[in-house]
Every structure is written in structure tokens, then in C-alpha cells.
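Just structure-v4.tsv here, TSV, C-alpha atoms:
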```tsv
chain	number	residue	atom	x	y	z
A	1	MET	CA	0.00	0.00	0.00
A	2	ARG	CA	1.01	3.65	-0.35
A	3	ALA	CA	2.07	5.43	2.81
A	4	ILE	CA	4.34	8.17	4.08
A	5	GLN	CA	7.24	6.43	5.77
A	6	ILE	CA	10.19	8.28	7.27
A	7	THR	CA	13.56	6.58	7.66
A	8	GLU	CA	15.43	9.59	9.07
A	9	PHE	CA	14.48	12.47	11.31
A	10	GLY	CA	14.29	15.99	9.98
A	11	GLY	CA	11.93	18.59	8.60
A	12	PRO	CA	9.14	18.23	6.05
A	13	GLU	CA	11.68	17.10	3.42
A	14	VAL	CA	11.89	13.61	5.00
A	15	LEU	CA	8.20	12.93	4.30
A	16	LYS	CA	8.15	10.76	1.19
A	17	VAL	CA	5.59	8.42	-0.37
A	18	SER	CA	6.62	4.77	-0.07
A	19	ASP	CA	5.22	1.36	-0.95
A	20	VAL	CA	4.99	-0.62	2.30
A	21	PRO	CA	3.28	-3.84	3.43
A	22	ALA	CA	-0.36	-3.40	4.44
A	23	PRO	CA	-1.00	-3.69	8.20
A	24	VAL	CA	-2.74	-6.74	9.64
A	25	ALA	CA	-5.22	-6.44	12.49
A	26	GLY	CA	-4.41	-8.56	15.52
A	27	GLU	CA	-6.66	-9.68	18.34
A	28	GLY	CA	-8.73	-6.80	19.67
A	29	GLN	CA	-7.86	-4.58	16.72
A	30	VAL	CA	-9.74	-3.30	13.67
A	31	LEU	CA	-8.40	-2.73	10.17
A	32	ILE	CA	-9.55	0.55	8.64
A	33	THR	CA	-9.51	1.58	5.01
A	34	VAL	CA	-8.54	5.21	5.40
A	35	ASP	CA	-10.74	7.83	3.75
A	36	ARG	CA	-8.97	10.73	5.46
A	37	ALA	CA	-6.21	11.04	8.05
A	38	GLY	CA	-5.66	13.95	10.39
A	39	ILE	CA	-2.56	16.13	10.24
A	40	ASN	CA	-1.51	17.57	13.59
A	41	TYR	CA	1.11	20.02	14.78
A	42	ALA	CA	2.42	17.25	17.03
A	43	ASP	CA	3.29	15.33	13.85
A	44	THR	CA	5.87	17.99	12.99
A	45	HIS	CA	7.56	17.35	16.34
A	46	GLN	CA	7.40	13.58	15.87
A	47	VAL	CA	9.03	13.78	12.43
A	48	GLU	CA	11.98	15.75	13.80
A	49	ASN	CA	12.08	13.63	17.00
A	50	SER	CA	11.32	16.53	19.34
A	51	TYR	CA	8.05	15.08	20.64
A	52	LEU	CA	7.28	14.20	24.28
A	53	SER	CA	7.46	10.46	23.57
A	54	LYS	CA	10.39	8.69	21.93
A	55	THR	CA	10.02	8.07	18.20
A	56	GLU	CA	11.56	5.02	16.53
A	57	LEU	CA	12.35	4.55	12.85
A	58	PRO	CA	11.07	3.62	10.37
A	59	LEU	CA	7.81	5.43	11.10
A	60	ILE	CA	4.53	6.07	9.35
A	61	PRO	CA	3.25	9.27	11.02
A	62	GLY	CA	-0.39	10.09	11.64
A	63	GLY	CA	-2.31	9.68	14.87
A	64	GLU	CA	-5.93	9.53	13.73
A	65	VAL	CA	-7.97	8.34	10.78
A	66	VAL	CA	-11.54	8.11	9.60
A	67	GLY	CA	-12.71	5.38	7.27
A	68	GLN	CA	-14.44	2.05	6.80
A	69	THR	CA	-13.99	-1.20	8.71
A	70	ALA	CA	-14.35	-4.62	7.09
A	71	ASP	CA	-17.90	-4.92	8.46
A	72	GLY	CA	-18.95	-1.58	6.96
A	73	ARG	CA	-18.77	0.71	9.99
A	74	ARG	CA	-17.72	4.34	9.48
A	75	VAL	CA	-15.35	5.01	12.33
A	76	VAL	CA	-12.92	7.61	13.54
A	77	ALA	CA	-9.96	6.15	15.37
A	78	LEU	CA	-6.83	7.05	17.27
A	79	VAL	CA	-4.01	4.89	15.94
A	80	GLY	CA	-0.92	6.33	17.64
A	81	SER	CA	1.00	6.16	14.37
A	82	GLY	CA	0.41	4.76	10.90
A	83	GLY	CA	-2.34	7.16	9.83
A	84	TYR	CA	-0.59	8.60	6.77
A	85	ALA	CA	-1.48	5.52	4.73
A	86	GLU	CA	-4.18	3.81	2.70
A	87	GLN	CA	-4.91	1.42	5.59
A	88	ALA	CA	-4.37	1.61	9.33
A	89	VAL	CA	-4.96	-0.52	12.41
A	90	ALA	CA	-6.57	0.67	15.64
A	91	HIS	CA	-7.29	-1.00	18.96
A	92	ALA	CA	-11.04	-1.57	19.10
A	93	PRO	CA	-11.75	0.65	22.16
A	94	TYR	CA	-10.21	3.60	20.28
A	95	ALA	CA	-12.39	3.32	17.17
A	96	TRP	CA	-15.70	5.15	17.51
A	97	ASP	CA	-18.70	5.07	15.18
A	98	VAL	CA	-19.28	8.42	13.49
A	99	PRO	CA	-22.95	9.46	13.78
A	100	GLU	CA	-25.11	10.98	11.09
A	101	GLY	CA	-24.69	14.74	10.88
A	102	VAL	CA	-20.95	14.54	11.58
A	103	SER	CA	-18.70	14.66	8.50
A	104	ASP	CA	-15.33	12.93	8.13
A	105	GLY	CA	-13.61	16.27	8.64
A	106	ASP	CA	-15.71	17.01	11.71
A	107	ALA	CA	-14.87	13.64	13.22
A	108	LEU	CA	-11.13	14.10	12.69
A	109	ALA	CA	-11.26	17.60	14.18
A	110	LEU	CA	-13.08	16.32	17.25
A	111	VAL	CA	-11.32	13.06	18.08
A	112	LEU	CA	-8.02	14.66	19.06
A	113	GLN	CA	-8.25	18.47	19.03
A	114	GLY	CA	-11.84	18.45	20.28
A	115	THR	CA	-11.19	16.13	23.19
A	116	THR	CA	-8.08	18.17	24.01
A	117	ALA	CA	-10.13	21.39	24.13
A	118	TRP	CA	-12.76	19.62	26.27
A	119	HIS	CA	-10.18	18.49	28.84
A	120	LEU	CA	-8.32	21.82	28.86
A	121	LEU	CA	-11.48	23.64	29.91
A	122	LYS	CA	-13.16	21.01	32.09
A	123	THR	CA	-10.38	18.86	33.55
A	124	SER	CA	-7.31	21.10	33.69
A	125	THR	CA	-8.71	24.58	34.36
A	126	HIS	CA	-12.23	23.82	35.71
A	127	LEU	CA	-13.90	26.67	33.83
A	128	GLN	CA	-16.67	28.32	35.85
A	129	PRO	CA	-19.48	30.45	34.37
A	130	GLY	CA	-18.53	34.10	34.06
A	131	GLU	CA	-14.76	33.55	34.02
A	132	SER	CA	-12.53	35.10	31.36
A	133	VAL	CA	-10.60	32.77	29.05
A	134	LEU	CA	-7.57	33.49	26.86
A	135	VAL	CA	-7.12	31.01	24.01
A	136	HIS	CA	-3.82	31.09	22.15
A	137	ALA	CA	-3.85	30.21	18.43
A	138	GLY	CA	-7.60	30.69	18.36
A	139	ALA	CA	-7.82	29.87	14.66
A	140	GLY	CA	-6.02	26.55	15.07
A	141	GLY	CA	-7.47	23.09	15.50
A	142	VAL	CA	-7.70	23.12	19.31
A	143	GLY	CA	-8.15	26.87	19.62
A	144	SER	CA	-11.11	27.20	17.25
A	145	LEU	CA	-12.98	24.53	19.21
A	146	ALA	CA	-11.92	25.87	22.62
A	147	VAL	CA	-13.25	29.35	21.75
A	148	GLN	CA	-16.66	27.88	20.90
A	149	LEU	CA	-16.80	25.51	23.88
A	150	ALA	CA	-15.83	28.24	26.33
A	151	LYS	CA	-18.73	30.37	25.09
A	152	LEU	CA	-21.13	27.41	25.15
A	153	TRP	CA	-20.13	26.63	28.74
A	154	GLY	CA	-20.70	30.15	30.03
A	155	ALA	CA	-17.37	31.96	29.93
A	156	GLY	CA	-17.81	35.64	30.67
A	157	ARG	CA	-15.30	36.87	28.11
A	158	VAL	CA	-13.26	34.89	25.59
A	159	ILE	CA	-10.11	36.43	24.13
A	160	ALA	CA	-8.19	34.71	21.34
A	161	THR	CA	-4.79	35.35	19.85
A	162	ALA	CA	-4.11	34.88	16.14
A	163	SER	CA	-1.22	35.79	13.88
A	164	THR	CA	-3.06	37.63	11.07
A	165	GLU	CA	-5.97	39.99	10.68
A	166	GLU	CA	-7.82	37.37	8.66
A	167	LYS	CA	-7.45	34.80	11.42
A	168	ARG	CA	-8.51	37.33	14.06
A	169	LYS	CA	-11.65	38.02	12.05
A	170	GLN	CA	-12.36	34.31	11.91
A	171	VAL	CA	-12.11	33.76	15.67
A	172	LEU	CA	-14.49	36.66	16.23
A	173	GLU	CA	-16.94	34.93	13.89
A	174	LEU	CA	-16.56	31.79	16.02
A	175	GLY	CA	-17.73	33.71	19.07
A	176	ALA	CA	-14.64	35.23	20.66
A	177	ASP	CA	-15.32	38.57	22.34
A	178	ALA	CA	-11.89	39.92	21.36
A	179	ALA	CA	-9.06	38.86	19.07
A	180	ILE	CA	-5.51	40.13	19.48
A	181	ASP	CA	-2.09	39.73	17.89
A	182	GLY	CA	-0.21	36.91	19.61
A	183	THR	CA	3.28	38.37	19.07
A	184	PRO	CA	5.10	38.05	22.43
A	185	GLU	CA	6.34	41.65	22.63
A	186	GLY	CA	3.76	43.64	24.59
A	187	LEU	CA	1.40	40.67	24.77
A	188	LYS	CA	0.54	41.09	28.45
A	189	ASP	CA	-0.64	44.67	27.86
A	190	ARG	CA	-2.79	43.60	24.89
A	191	ILE	CA	-4.37	40.83	26.97
A	192	LEU	CA	-5.27	43.22	29.78
A	193	GLU	CA	-6.64	45.79	27.35
A	194	ALA	CA	-8.80	43.15	25.64
A	195	ASN	CA	-10.17	42.15	29.04
A	196	GLY	CA	-11.19	45.65	30.06
A	197	GLY	CA	-8.02	46.32	32.02
A	198	LYS	CA	-8.37	43.19	34.15
A	199	SER	CA	-6.23	40.07	34.36
A	200	VAL	CA	-7.65	36.84	32.94
A	201	ASP	CA	-8.89	33.82	34.88
A	202	ILE	CA	-7.86	31.06	32.46
A	203	VAL	CA	-5.14	30.76	29.80
A	204	LEU	CA	-4.85	27.91	27.29
A	205	GLU	CA	-1.20	28.13	26.20
A	206	MET	CA	0.56	26.10	23.51
A	207	VAL	CA	3.26	28.42	22.16
A	208	GLY	CA	5.86	28.38	24.94
A	209	GLY	CA	8.83	30.70	25.34
A	210	PRO	CA	8.08	34.39	25.93
A	211	THR	CA	4.41	33.85	25.06
A	212	PHE	CA	4.09	31.65	28.15
A	213	ASP	CA	5.87	34.27	30.28
A	214	GLU	CA	3.66	37.15	29.09
A	215	SER	CA	0.52	35.06	29.55
A	216	PHE	CA	1.45	34.06	33.08
A	217	ASP	CA	2.01	37.70	33.96
A	218	ALA	CA	-1.55	38.45	32.76
A	219	LEU	CA	-3.09	35.82	35.05
A	220	ALA	CA	-5.60	36.93	37.69
A	221	ARG	CA	-5.76	35.89	41.34
A	222	PHE	CA	-6.69	32.21	41.52
A	223	GLY	CA	-6.05	32.11	37.76
A	224	ARG	CA	-5.14	28.89	35.98
A	225	LEU	CA	-2.77	28.50	33.04
A	226	VAL	CA	-2.58	25.16	31.26
A	227	THR	CA	0.28	24.46	28.88
A	228	PHE	CA	-0.28	21.86	26.19
A	229	GLY	CA	2.38	22.54	23.57
A	230	ALA	CA	5.48	24.47	22.58
A	231	ALA	CA	4.87	25.58	19.00
A	232	SER	CA	7.61	28.21	19.22
A	233	ARG	CA	10.09	25.44	20.11
A	234	GLN	CA	11.35	27.76	22.87
A	235	SER	CA	11.47	27.21	26.61
A	236	ALA	CA	9.75	29.55	29.04
A	237	ALA	CA	11.63	31.18	31.90
A	238	PRO	CA	11.64	29.15	35.15
A	239	ILE	CA	8.80	30.01	37.54
A	240	ASP	CA	9.79	30.62	41.14
A	241	PRO	CA	7.23	28.99	43.49
A	242	SER	CA	6.73	32.31	45.25
A	243	ARG	CA	5.24	33.70	42.03
A	244	LEU	CA	2.56	31.02	42.27
A	245	MET	CA	1.78	31.76	45.91
A	246	LYS	CA	1.38	35.51	45.35
A	247	GLY	CA	-1.95	35.60	43.57
A	248	SER	CA	-2.72	31.93	44.30
A	249	LYS	CA	-2.03	31.02	40.67
A	250	THR	CA	-1.96	27.56	39.14
A	251	ILE	CA	0.09	26.18	36.24
A	252	ALA	CA	-1.07	22.84	34.84
A	253	GLY	CA	0.15	20.69	32.00
A	254	PHE	CA	-1.95	18.61	29.64
A	255	TRP	CA	-1.08	15.88	27.14
A	256	LEU	CA	-3.93	13.91	25.60
A	257	ALA	CA	-1.80	10.76	25.55
A	258	ASP	CA	-2.23	10.61	29.32
A	259	CYS	CA	-5.90	9.82	28.68
A	260	PHE	CA	-5.13	6.83	26.46
A	261	ALA	CA	-4.93	4.34	29.33
A	262	ASN	CA	-8.65	4.86	29.98
A	263	PRO	CA	-10.80	5.01	26.84
A	264	GLN	CA	-13.67	6.53	28.84
A	265	LEU	CA	-11.62	9.72	29.19
A	266	LEU	CA	-12.00	10.03	25.41
A	267	SER	CA	-15.33	8.37	24.58
A	268	GLY	CA	-17.38	10.48	27.02
A	269	PRO	CA	-16.11	13.86	25.80
A	270	LEU	CA	-16.22	12.71	22.17
A	271	ALA	CA	-19.86	11.67	22.44
A	272	GLU	CA	-20.71	15.11	23.85
A	273	LEU	CA	-18.78	16.83	21.06
A	274	PHE	CA	-20.50	14.70	18.40
A	275	ASP	CA	-23.90	15.66	19.84
A	276	LEU	CA	-23.05	19.38	19.87
A	277	THR	CA	-21.82	19.19	16.28
A	278	ALA	CA	-24.80	17.22	14.98
A	279	ALA	CA	-27.10	19.75	16.68
A	280	GLY	CA	-25.32	22.66	14.96
A	281	LYS	CA	-24.05	24.14	18.23
A	282	LEU	CA	-20.37	23.42	17.55
A	283	ARG	CA	-18.65	24.04	14.23
A	284	PRO	CA	-15.35	22.24	13.64
A	285	ILE	CA	-13.19	24.08	11.11
A	286	VAL	CA	-11.56	22.09	8.32
A	287	GLY	CA	-8.79	24.34	7.08
A	288	GLY	CA	-7.36	22.37	4.19
A	289	GLU	CA	-7.01	19.00	2.50
A	290	TYR	CA	-3.80	17.61	1.04
A	291	GLY	CA	-3.00	14.58	-1.07
A	292	LEU	CA	-0.55	11.98	0.23
A	293	SER	CA	2.21	13.38	-1.99
A	294	GLU	CA	1.51	16.89	-0.62
A	295	VAL	CA	2.04	16.10	3.06
A	296	ALA	CA	5.42	17.88	3.18
A	297	THR	CA	3.65	21.04	2.00
A	298	ALA	CA	1.05	20.56	4.74
A	299	HIS	CA	3.78	20.42	7.39
A	300	GLU	CA	5.49	23.48	5.90
A	301	ASP	CA	2.23	25.42	5.89
A	302	MET	CA	1.46	24.43	9.48
A	303	ARG	CA	4.89	25.39	10.77
A	304	ALA	CA	4.64	28.73	8.93
A	305	ARG	CA	1.25	29.43	10.59
A	306	LYS	CA	-0.47	29.58	7.20
A	307	THR	CA	-3.24	27.18	8.22
A	308	VAL	CA	-6.45	27.31	10.24
A	309	GLY	CA	-8.54	24.60	11.86
A	310	LYS	CA	-8.08	20.91	11.09
A	311	LEU	CA	-5.91	19.72	8.20
A	312	LEU	CA	-6.87	16.52	6.37
A	313	LEU	CA	-4.78	14.06	4.36
A	314	ASP	CA	-6.35	12.18	1.46
A	315	PRO	CA	-4.39	8.92	0.99
A	316	THR	CA	-6.08	8.20	-2.35
A	317	ARG	CA	-4.24	11.01	-4.12
```
Could you render the structure as C-alpha cells?
Amino acid sequence: MRAIQITEFGGPEVLKVSDVPAPVAGEGQVLITVDRAGINYADTHQVENSYLSKTELPLIPGGEVVGQTADGRRVVALVGSGGYAEQAVAHAPYAWDVPEGVSDGDALALVLQGTTAWHLLKTSTHLQPGESVLVHAGAGGVGSLAVQLAKLWGAGRVIATASTEEKRKQVLELGADAAIDGTPEGLKDRILEANGGKSVDIVLEMVGGPTFDESFDALARFGRLVTFGAASRQSAAPIDPSRLMKGSKTIAGFWLADCFANPQLLSGPLAELFDLTAAGKLRPIVGGEYGLSEVATAHEDMRARKTVGKLLLDPTR
């Protein structure tokens, strides 16, 4: 079968189409003919071996797929790796039936980015009605869903960062109350201004480096910042514990892989997200679709912040 297999670590240039043996489903697994695979920012880290978990070669990237099982089910599945291919194998508890009213693109946006946004707001930061929420990369896969969910769940004011005027316009259309430039220089002041001069209660932060530092400085008393990525590939300054005590602030970390040991941590949120989408209350954003031979371009576009929402890979072309 055709797949993207990497045999060396590096940038997008190592992503090449290869002919590899088709996977075989073992006990407790399902074989899926892939209609679309999801492309994630985490994939760019995995390809260059800078991800949180160790990557071994050779590797077929791609953590989630949507497609058909041998018995005719339309499922969306988390596969860990192997998604950038014509066929993939998933463990049965991590393959969920896609309901009517939810498209393939919707399902791929929700299974990983959607469940991440759900846990960031409910599990990590315990959003309460009326609280202010700052969402970094509000036009991205997680951010675009987090903006909408925060509003649905009663946030008092939602502020989103985005890198271009076009993206800022888009997050406002998704329901954000304010959209600001996410450039680190002067970011704290822009956050406070967008929140009426007040610090923010919750920050969803996935850029790292000085963006993390500026966001922490904009955190209110009893505020919570959750970090779930480092898109800038920069480290934030160390936080002295005394800076947490003054203001009673909390820093949390989140990695969806920590939910994988218990499928219920995914299936419950995913069912809720499917229902919201089918009812027209939540709108996943599909930002682009690439053929298998175009996956290097997809990674380049993502790293250059040219993309919005969820990116899809079509293994048939």
C-alpha cells in the first residue's frame, strides 16, 4: 500500500511516499480503510524527533484516521501512528462510530483536538461560568474549538490570539469577544486591554517561550494557566514557586496521551462533542485537505502558521 514512511528524522523534506506492506489487524484490533487522516502540529515534532514520547524509525506518522472497517462501519480512530497511509490498524476501544450529521472532517477535528479542548477547559482549568478565558492560536485546531466551547459553557469573556488579521476576524466569527495579535512583545498589555483592564482567569497556552511568560504575567488571582504545547520550540523562563503563591495562581500541563490508558476519558467527551456538532451548536473548522504526496507542503504550511482549523490528508491522491 502507499504510505508516508520516514527513515530519518528531519523537517518536512523527509516525508516521502513509499510502498509498504499493508497492516494486519491482531486480536482486539480493527483494520480501517482510510478515507482521510488527520494532520496535527504534534506530527511535525514527531518527524523531527522533538516530541514528548520517543520516536523510533522507520515510522509512518499520523495519529488519527476516519474510514471504513471490514464490516462496513464508518469510524474515527486514534491509531498512535500509521495514519498517513491507505490502511491503518486501531485498537477496538479507540475506534468510535461516526454518527449521522458529523462529517469525516468534523470527526477528525473532534477526536483529538476536540477532546483536548474539552479536557483543557473542564479537567485542567475547571472553567466556571462568568470567568474570562484566553485562548492562544484561536484559529487553530484546538483553539477554534476551545473558543466555541468556552462560550457554550458560560465563559464571561473569551479572548483569542491569532497571527493575522484574517485569522482574528475568523475567531471573532466563532464567538470570541476579542481577538488580538499573539506576538510576544507587549502581549501582556494587549491581553489586559482586551479584558477591560483586568487580568484573565484562564489561559490555554501552547506556544511556549516568551508567550508563556507574558501570559502568566496576565493571570488573575486564583487564575489557571494550562500548557499543552510548545509551538515556538522555545522554553519559558523558570517560575519561582513564590510567584505562584502571590496571587494563588496555578500552572497545569496537559497531554492527551495521558488519557489513552482509559478510553472513557476520550469516549465520554467525544460523544458530547458529536452531539453538539450534529445539533449545529459546535462548528469544527476544516482548514485544508492535502494529497498523500503533498504532506510535506502541509507540514510546511502548518509550521509557517499559514493554516487554520483541522488539516486533512487524502491517501487516495
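Minimum atom-to-atom distance to Lys122 in chain A, evaluated using all atoms listed in the file, belongs to A:Trp153 out of A:Arg74, A:Trp153, A:Asn195, A:Tyr290.
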Give me, as CSV, each residue of range 62-160 of chain A that comes within 12 Å of range 250-257 of chain A, together with its shortest interatomic pair and the distance in Å at one decimal, counting all atoms listed in the file, with rows ordered by chain and rising residue number.
```
residue,atom,partner,partner_atom,distance
A:Gly63,CA,A:Ala257,CA,10.7
A:Leu78,CA,A:Ala257,CA,10.4
A:Val79,CA,A:Ala257,CA,11.5
A:Gly80,CA,A:Ala257,CA,9.1
A:Val111,CA,A:Leu256,CA,10.6
A:Leu112,CA,A:Leu256,CA,7.7
A:Gln113,CA,A:Leu256,CA,9.1
A:Gly114,CA,A:Leu256,CA,10.6
A:Thr115,CA,A:Leu256,CA,8.0
A:Thr116,CA,A:Leu256,CA,6.2
A:Ala117,CA,A:Leu256,CA,9.8
A:Trp118,CA,A:Leu256,CA,10.5
A:His119,CA,A:Phe254,CA,8.3
A:Leu120,CA,A:Phe254,CA,7.2
A:Leu121,CA,A:Phe254,CA,10.8
A:Lys122,CA,A:Phe254,CA,11.7
A:Thr123,CA,A:Phe254,CA,9.3
A:Ser124,CA,A:Ala252,CA,6.6
A:Thr125,CA,A:Ala252,CA,7.9
A:His126,CA,A:Ala252,CA,11.2
A:Val142,CA,A:Leu256,CA,11.8
```
- Determine, counting all atoms listed in the file, which protein, DNA and RNA residues have an atom within 8 Å of an atom of range 47-59 of chain A; residues of the same chain fewer than 2 positions away are not included. Present the result as number ranges by chain. A: 5-12, 14, 42-45, 61, 81-82
- Do a neighbour search on Val200 in chain A at 6 Å with only C-alpha atoms, toss out local chain neighbours closer than 6 positions, and write the hits as a list in words. Ser132, Leu219 and Ala220 of chain A
Ala150 in chain A: which residues within 9 Å, counting all atoms listed in the file, same-chain residues fewer than 6 positions away excluded, as a CSV table (one decimal) with C-alpha atoms, in the coordinates of the input?
```csv
chain,number,residue,atom,x,y,z
A,121,LEU,CA,-11.5,23.6,29.9
A,127,LEU,CA,-13.9,26.7,33.8
A,133,VAL,CA,-10.6,32.8,29.0
A,156,GLY,CA,-17.8,35.6,30.7
A,157,ARG,CA,-15.3,36.9,28.1
A,158,VAL,CA,-13.3,34.9,25.6
```
With the cut-off set at 6 Å and counting all atoms listed in the file, tabulate each residue of range 22-78 of chain A with an atom at most that distance from an atom of range 88-95 of chain A, showing the nearest atom pair and its distance in Å to one decimal, ordered by chain and increasing number, as a Markdown table.
```
| residue | atom | partner | partner_atom | distance |
| --- | --- | --- | --- | --- |
| A:Ala25 | CA | A:Val89 | CA | 5.9 |
| A:Gly28 | CA | A:Ala92 | CA | 5.7 |
| A:Gln29 | CA | A:His91 | CA | 4.3 |
| A:Val30 | CA | A:Ala90 | CA | 5.4 |
| A:Leu31 | CA | A:Val89 | CA | 4.7 |
| A:Ile32 | CA | A:Ala88 | CA | 5.3 |
| A:Val75 | CA | A:Ala95 | CA | 5.9 |
| A:Val76 | CA | A:Ala95 | CA | 5.6 |
| A:Ala77 | CA | A:Ala95 | CA | 4.1 |
| A:Leu78 | CA | A:Tyr94 | CA | 5.7 |
```
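The coordinates place CA of Val135 in chain A at 18.7 Å from CA of Arg303 in chain A.
CA of Arg221 in chain A to CA of Gly197 in chain A spans 14.2 Å [interatomic distance, one decimal].
Distance-wise, CA of Ile239 in chain A and CA of Asp189 in chain A end up 19.9 Å apart.
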Got a sec: who's within 8 Å of Arg233 in chain A, counting only C-alpha atoms, leaving out chain neighbours fewer than 2 positions off, as a compact mmCIF listing (two decimals) with C-alpha atoms, in the frame of the given file?
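Wrote selection.txt, looks like this:
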```txt
# COMPACT_ATOMS: atom_id res chain seq x y z
CA VAL A 207 3.26 28.42 22.16
CA GLY A 208 5.86 28.38 24.94
CA GLY A 209 8.83 30.70 25.34
CA ALA A 230 5.48 24.47 22.58
CA ALA A 231 4.87 25.58 19.00
CA SER A 235 11.47 27.21 26.61
```
